[in-house]
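Working notes, structure below.
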Amino acid sequence: MSQRSAWNQAAPVFNRRHEEAPSLIVVATAEIEELLDPVDGAAILEIGCGGGGFAVALARQGAQVTAVDVSDAQIAAARERAERAGVGVQFLRMDAADLSPLPDAFFDAVVAVFVTPYIEEIDAWLAEC
């Protein structure tokens with residue numbers, strides 16, 4: 001089964017768990033905000049955005065967020081989350097292993113939470129980021 005198919009299938013359970021227990025998103029978002037200081041106005045790329053928890057939290061703080069995920073179902077859930085929150089995030093269905101469609105040297109920061117174990121060519125990927 002491809003990563004895309006697997007995440008499309010897992011998306012409902014994954015997102016429900018993060019909605020029920022958002023503490024990880026709250027803690028990690030606070031750490032990300034501290035590292036970026038200030039977040040407001042920063043162009044941020046989130047790789048492997050899942051249901052959009054981090055992307056939406058960062059957009060609420062004024063970041064201009066582009067968020068990518070391999071799963072159509074996760075992108076749909078993330079768009080719904082952003083709409084409910086009243087924030088704008090550019091969500092793109094894209095394989096995290098190939099970021100070449102994105103502009104070079106555009107983003108102020110790249111956030112990739114829980115995605116690195118799924119990247120086979122990690123050195124090349126990190127160079128692209």
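In the structure tokens, chains take letters A, B, ... by order of appearance, with residues numbered from 1 within each chain and ligands from 1 in the order shown.
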(request) Would you list the contacts of Asp37 of chain A as a ChimeraX atom specification, taking every protein, DNA or RNA residue within 12 Å and counting only C-alpha atoms, but skipping same-chain residues closer than 4 positions in sequence? (result) /A:29-33,41-42,58,61-63,108-109
Counting only C-alpha atoms, which residues of segment 21-74 of chain A sit at most 10 Å from some atom of segment 115-121 of chain A, and what is each one's closest atom pair with its distance in Å to one decimal, listed by chain and rising residue number, as a tab-separated table?
```
residue	atom	partner	partner_atom	distance
A:Ile47	CA	A:Val115	CA	7.2
A:Gly48	CA	A:Val115	CA	5.7
A:Cys49	CA	A:Val115	CA	8.7
A:Gly50	CA	A:Val115	CA	9.6
A:Asp69	CA	A:Val115	CA	9.5
```
Next, the residues of the selection above should be written as a compact mmCIF listing (two decimals), in the first residue's frame with N, CA, C and O atoms.
```txt
# COMPACT_ATOMS: atom_id res chain seq x y z
N ILE A 47 5.57 20.63 6.32
CA ILE A 47 5.64 19.41 5.53
C ILE A 47 5.01 18.27 6.34
O ILE A 47 5.39 18.03 7.48
N GLY A 48 4.04 17.58 5.72
CA GLY A 48 3.33 16.52 6.43
C GLY A 48 2.34 17.12 7.40
O GLY A 48 2.34 16.79 8.59
N CYS A 49 1.45 17.97 6.91
CA CYS A 49 0.57 18.75 7.79
C CYS A 49 -0.57 17.95 8.40
O CYS A 49 -1.22 18.43 9.32
N GLY A 50 -0.82 16.74 7.90
CA GLY A 50 -1.92 15.97 8.46
C GLY A 50 -3.21 16.75 8.43
O GLY A 50 -3.55 17.38 7.43
N ASP A 69 0.77 17.75 2.33
CA ASP A 69 0.61 16.39 2.83
C ASP A 69 0.34 15.48 1.65
O ASP A 69 -0.23 15.90 0.64
```
(request) Between atom CA of Gln3 of chain A and atom CA of Asp98 of chain A, measure the distance and give it in Å to one decimal. (result)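 Between atom CA of Gln3 of chain A and atom CA of Asp98 of chain A the gap works out to 13.4 Å.
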(request) Would you return as a ChimeraX atom specification the members of chain A that DSSP assigns to strand (DSSP E) on this structure's backbone? (result) /A:43-47,64-69,90-93,109-111
(request) Figure out the distance between atom CA of Ser2 of chain A and atom CA of Ile122 of chain A, please, to one decimal in Å. (result)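 Between atom CA of Ile122 of chain A and atom CA of Ser2 of chain A the gap is 18.2 Å.
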(message) Just list as a PyMOL selection string whatever in chain A DSSP marks as alpha helix (DSSP H).
(response) chain A and resi 3-20+23-36+53-60+72-85+122-128
Any chance you could export the current selection's C-alpha atoms as a PDB file, in the first residue's frame?
```
ATOM      1  CA  GLN A   3       1.887   6.180   1.725  1.00  0.00           C
ATOM      2  CA  ARG A   4      -0.908   8.131   0.078  1.00  0.00           C
ATOM      3  CA  SER A   5      -3.392   5.240   0.335  1.00  0.00           C
ATOM      4  CA  ALA A   6      -2.343   4.395   3.876  1.00  0.00           C
ATOM      5  CA  TRP A   7      -2.796   7.969   5.106  1.00  0.00           C
ATOM      6  CA  ASN A   8      -6.071   8.383   3.239  1.00  0.00           C
ATOM      7  CA  GLN A   9      -7.325   5.329   5.108  1.00  0.00           C
ATOM      8  CA  ALA A  10      -5.887   6.382   8.497  1.00  0.00           C
ATOM      9  CA  ALA A  11      -6.923  10.043   8.320  1.00  0.00           C
ATOM     10  CA  PRO A  12     -10.289   9.839  10.132  1.00  0.00           C
ATOM     11  CA  VAL A  13      -8.889   8.024  13.184  1.00  0.00           C
ATOM     12  CA  PHE A  14      -5.688  10.086  13.243  1.00  0.00           C
ATOM     13  CA  ASN A  15      -7.570  13.386  13.099  1.00  0.00           C
ATOM     14  CA  ARG A  16     -10.166  12.318  15.656  1.00  0.00           C
ATOM     15  CA  ARG A  17      -7.391  11.473  18.137  1.00  0.00           C
ATOM     16  CA  HIS A  18      -5.735  14.854  17.609  1.00  0.00           C
ATOM     17  CA  GLU A  19      -9.072  16.651  18.029  1.00  0.00           C
ATOM     18  CA  GLU A  20      -9.745  14.773  21.288  1.00  0.00           C
ATOM     19  CA  SER A  23      -2.001  18.786  23.891  1.00  0.00           C
ATOM     20  CA  LEU A  24       0.856  17.757  21.571  1.00  0.00           C
ATOM     21  CA  ILE A  25      -0.142  20.404  19.050  1.00  0.00           C
ATOM     22  CA  VAL A  26      -0.382  23.053  21.791  1.00  0.00           C
ATOM     23  CA  VAL A  27       3.051  22.223  23.251  1.00  0.00           C
ATOM     24  CA  ALA A  28       4.832  21.865  19.908  1.00  0.00           C
ATOM     25  CA  THR A  29       3.228  25.026  18.510  1.00  0.00           C
ATOM     26  CA  ALA A  30       4.459  27.008  21.516  1.00  0.00           C
ATOM     27  CA  GLU A  31       7.989  25.693  20.930  1.00  0.00           C
ATOM     28  CA  ILE A  32       7.821  26.502  17.226  1.00  0.00           C
ATOM     29  CA  GLU A  33       6.568  30.016  17.956  1.00  0.00           C
ATOM     30  CA  GLU A  34       9.408  30.540  20.434  1.00  0.00           C
ATOM     31  CA  LEU A  35      11.996  29.429  17.870  1.00  0.00           C
ATOM     32  CA  LEU A  36      10.578  31.642  15.123  1.00  0.00           C
ATOM     33  CA  GLY A  53      -3.362  21.450  13.539  1.00  0.00           C
ATOM     34  CA  PHE A  54       0.054  23.122  13.405  1.00  0.00           C
ATOM     35  CA  ALA A  55      -0.678  25.023  10.178  1.00  0.00           C
ATOM     36  CA  VAL A  56      -3.863  26.518  11.606  1.00  0.00           C
ATOM     37  CA  ALA A  57      -2.238  27.354  14.952  1.00  0.00           C
ATOM     38  CA  LEU A  58       0.598  29.161  13.167  1.00  0.00           C
ATOM     39  CA  ALA A  59      -1.812  30.990  10.843  1.00  0.00           C
ATOM     40  CA  ARG A  60      -3.750  32.175  13.912  1.00  0.00           C
ATOM     41  CA  ASP A  72      -6.074  13.792  -0.035  1.00  0.00           C
ATOM     42  CA  ALA A  73      -8.129  12.996   3.070  1.00  0.00           C
ATOM     43  CA  GLN A  74      -5.714  14.848   5.356  1.00  0.00           C
ATOM     44  CA  ILE A  75      -5.680  17.895   3.074  1.00  0.00           C
ATOM     45  CA  ALA A  76      -9.496  17.922   3.048  1.00  0.00           C
ATOM     46  CA  ALA A  77      -9.575  17.706   6.863  1.00  0.00           C
ATOM     47  CA  ALA A  78      -6.959  20.452   7.151  1.00  0.00           C
ATOM     48  CA  ARG A  79      -8.936  22.753   4.858  1.00  0.00           C
ATOM     49  CA  GLU A  80     -12.049  22.182   6.978  1.00  0.00           C
ATOM     50  CA  ARG A  81     -10.085  22.968  10.152  1.00  0.00           C
ATOM     51  CA  ALA A  82      -8.728  26.195   8.676  1.00  0.00           C
ATOM     52  CA  GLU A  83     -12.197  27.208   7.513  1.00  0.00           C
ATOM     53  CA  ARG A  84     -13.655  26.566  10.976  1.00  0.00           C
ATOM     54  CA  ALA A  85     -10.841  28.651  12.485  1.00  0.00           C
ATOM     55  CA  ILE A 122      16.716  11.894   4.168  1.00  0.00           C
ATOM     56  CA  ASP A 123      19.996  13.638   3.230  1.00  0.00           C
ATOM     57  CA  ALA A 124      18.689  14.805  -0.137  1.00  0.00           C
ATOM     58  CA  TRP A 125      15.406  15.828   1.474  1.00  0.00           C
ATOM     59  CA  LEU A 126      17.117  17.883   4.156  1.00  0.00           C
ATOM     60  CA  ALA A 127      19.208  19.616   1.500  1.00  0.00           C
ATOM     61  CA  GLU A 128      15.998  20.518  -0.353  1.00  0.00           C
TER      62      GLU A 128
END
```
